[in-house]
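Student: One structure, as structure tokens, below. Some questions next.
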Amino acid sequence: MLVNEIISGCIRKDRASQHLLYKEFYSYCMGICKRYSISDFEAADVLNNGFLKIFNNINKYDPAKPIKAWIGKIMVNTAIDHYRANLRFTTYDDISEYEQNSTEAIVYEQMAYKELLMLVQSLSPSYRVVFNMYAIDGYSHDEIAKTLNISVGTSKSNLFKARQRLQEMIRDMEPLNARMKVVSNQEKIRINNERRA
Amino acid sequence: MKDEHNLDKLFKEGLDEIDIPFHEPDWAEMSKKLDQQDKRTNFPLWWSLCATAAAAVLVFFIFFNTPKNNHTASRIEKHQPLISPENTTADTLIHPEGKKPSIEKQAPVMAEQHALASIPAAAIRNLQPVLSKVVIDEKDVNNASLAQLKTDGLLPLTLSAGKPMPSGKDLQKIVTPNRFSLTVMAAPDISSTSSSVGNKVSTNFGLMMNYALTQKIGITTGVIYAKKIYDYNGSGASLPGYSAGPWQVNADCRVLDIPVNINYRVFKKRSITVNASAGLSSYIMLNEKYQLTSGPDLTVTNEEVTGNKHFMGIANFSIGVERKVNSRLSLGLQPFLKVPLTGIGKYEGNLSSAGVSILFNIKGLSNN
């Protein structure tokens with residue numbers, strides 16, 4: 001069945017069509033929800049809230065635009081909504097703590113999805129949401145600040161802290177994970193030279 | 001900076017576009033959610049109206065159905081056949097000599113306004129000489145009954161014992177039913193749109209004037225001050241560019257609702273009356289406050305607007321149950337539904353309201 005037919009069915013609130021659309025975009029949407037959530041359980045909750053919005057508004061979808069982008073945007077918004085709704089459980093760091101002090105260069109090799117997800121999910125909610133929005137979903141600090149009702153400085157600070165935390169965790173994982181290396185600047189140059197040669 | 005870029009890239013590439021196997025129980029949950037939503041969408045207005053109407057009728061019959069005044073009223077109805085143009089004599093109206101002329105027994109003949117109102121003019125003329133001779137002696141009068149007559153609007157309030165009964169024009173005045181009544185109402189309601197996020201209770205207060213066109217049909221108008229609090233999902237999710245429209249609109253409006261309704265008396269038994277009414281309302285928007293949550297960045301903006309008017313833009317439907325407390329006052333419960341025929345407010349919301357009015361109906365406003 002073509003996506004357009006599925007969409008028409010969803011507009012008619014046909015449950016079988018809704019099931020097909022859900023199934024079709026399940027993986028993509030769940031991918032978004034998982035990285036914004038702390039657990040699979042929370043991710044499934046956000047996913048279904050997002051699909052509820054999608055089903056309720058599908059008659060307003062412009063078929064000239066790609067459906068995937070539309071669905072993805074709604075899913076990200078729903079995840080952000082969910083974060084905002086649970087704001088009381090999160091804390092923000094002050095901008096004063098923001099300073100670049102990384103002395104190590106890290107060569108990131110391919111890490112498994114599960115490991116990356118685990119790392120993102122282990123961030124505090126306020127770090128995770130900013131990191132997701134900035135690094136993965138392409139929001140600017142201005143947009144993040146407006147969306148989350150925080151200052152641009154706080155957004156930058158949280159992003160920095162998130163990255164720092166992720167780096168720390170990757171470093172800690174190193175003995176256990178041979179696919180990722182933490183190396184000094186000097187070593188990095190050596191590796192690069194070897195690669196060039 | 002490059003490290004940051006690498007880190008971001010690692011996560012972006014590693015977390016994006018991952019193949020996650022479909023988990024059927026998630027769809028089961030989703031399906032349940034859709035079912036619940038369907039129930040909510042279909043349930044609230046009509047079902048809550050029907051349920052409230054049924055509850056109102058029950059409450060009235062169970063708790064209020066032992067009125068003392070009913071004795072008089074029921075006896076009056078039994079007396080009605082006595083009055084006919086052919087056979088209107090003093091004997092049929094007044095008890096034989098030797099028995100005290102009990103107002104309680106006689107008065108009801110006159111008391112039932114609509115019964116007398118239906119007497120042809122000729123019969124009233126025949127009645128005049130008889131009635132004009134009747135003199136009510138203070139000693140004979142059951143004071144309570146006289147008071148009842150007065151409050152019923154049958155005897156003029158100025159009528160005092162020892163004076164002859166009114167005759168001629170006066171009598172015709174007396175038997176003309178008071179067609180006007182005044183209603184004070186208060187109503188909690190739920191205002192909602194087709195895509196409401198959550199339902200909130202709003203309040204209404206109003207003063208209404210009723211005019212009885214016939215025994216069964218009447219017309220009602222008045223002014224209701226209404227506070228309408230509602231919210232709905234905006235178009236943000238669907239508009240091109242995604243950020244143009246609001247995701248959610250929270251509205252808090254102050255409205256003057258001017259209804260013109262036609263009422264039809266469906267049922268009357270003893271002191272219980274059931275009316276159905278329908279009509280149109282005009283909304284004068286005194287003040288509209290909106291909180292818009294917009295676009296993917298969910299920016300919250302506040303707006304305040306005044307001056308919108310919707311002339312005859314809302315259809316009203318209601319069913320009311322009234323219970324007579326005394327001859328002048330009745331209490332009522334009236335479940336109602338207001339359906340918009342046009343978009344309401346600045347954002348032309350499809351704003352409907354459903355609630356229950358509590359009515360205090362005051363009769364005896366003379367139209368003479």
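Here's how to read the names in the structure tokens: chain A, B, ... by the order shown, residue numbers from 1 in each chain, ligand numbers from 1 in the order shown.
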For segment 18-28 of chain B, please output as a list in words all residues within 8 Å (counting only C-alpha atoms; exclusion window: fewer than 5 positions along the same chain).
Tutor: His19, Tyr22, Lys23, Tyr26, Ser27, Tyr28, Met30, Gly31, Ala44, Asn48 and Tyr113 of chain A
Student: Give me, please, the distance in Å between atom CA of Ser281 of chain B and atom CA of Arg328 of chain B, quoted to one decimal.
Tutor: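 For atom CA of Ser281 of chain B relative to atom CA of Arg328 of chain B, the distance reads 27.4 Å.
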Student: Give me the residues near Asp252 of chain B as a JSON list (two decimals) with C-alpha atoms, in the first residue's frame, where near means some atom within 10 Å (using only C-alpha atoms) and where sequence neighbours in that chain fewer than 2 positions away do not count.
Tutor:
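Now in around01.json:
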```json
[["chain", "number", "residue", "atom", "x", "y", "z"],
["B", 202, "SER", "CA", -16.26, 27.86, 33.15],
["B", 227, "LYS", "CA", -16.41, 33.17, 31.41],
["B", 228, "LYS", "CA", -15.15, 30.79, 28.76],
["B", 229, "ILE", "CA", -11.93, 28.96, 29.45],
["B", 230, "TYR", "CA", -10.86, 26.49, 26.82],
["B", 231, "ASP", "CA", -7.91, 25.17, 24.92],
["B", 249, "VAL", "CA", -4.06, 27.77, 22.16],
["B", 250, "ASN", "CA", -5.18, 28.45, 25.71],
["B", 254, "ARG", "CA", -15.25, 37.07, 28.94],
["B", 255, "VAL", "CA", -18.42, 37.02, 26.92],
["B", 287, "ASN", "CA", -12.27, 40.40, 26.46],
["B", 288, "GLU", "CA", -10.30, 37.59, 24.88],
["B", 289, "LYS", "CA", -6.98, 36.44, 26.28],
["B", 290, "TYR", "CA", -4.98, 33.88, 24.38],
["B", 291, "GLN", "CA", -1.81, 32.07, 25.20],
["B", 304, "GLU", "CA", -5.39, 40.18, 24.36]]
```
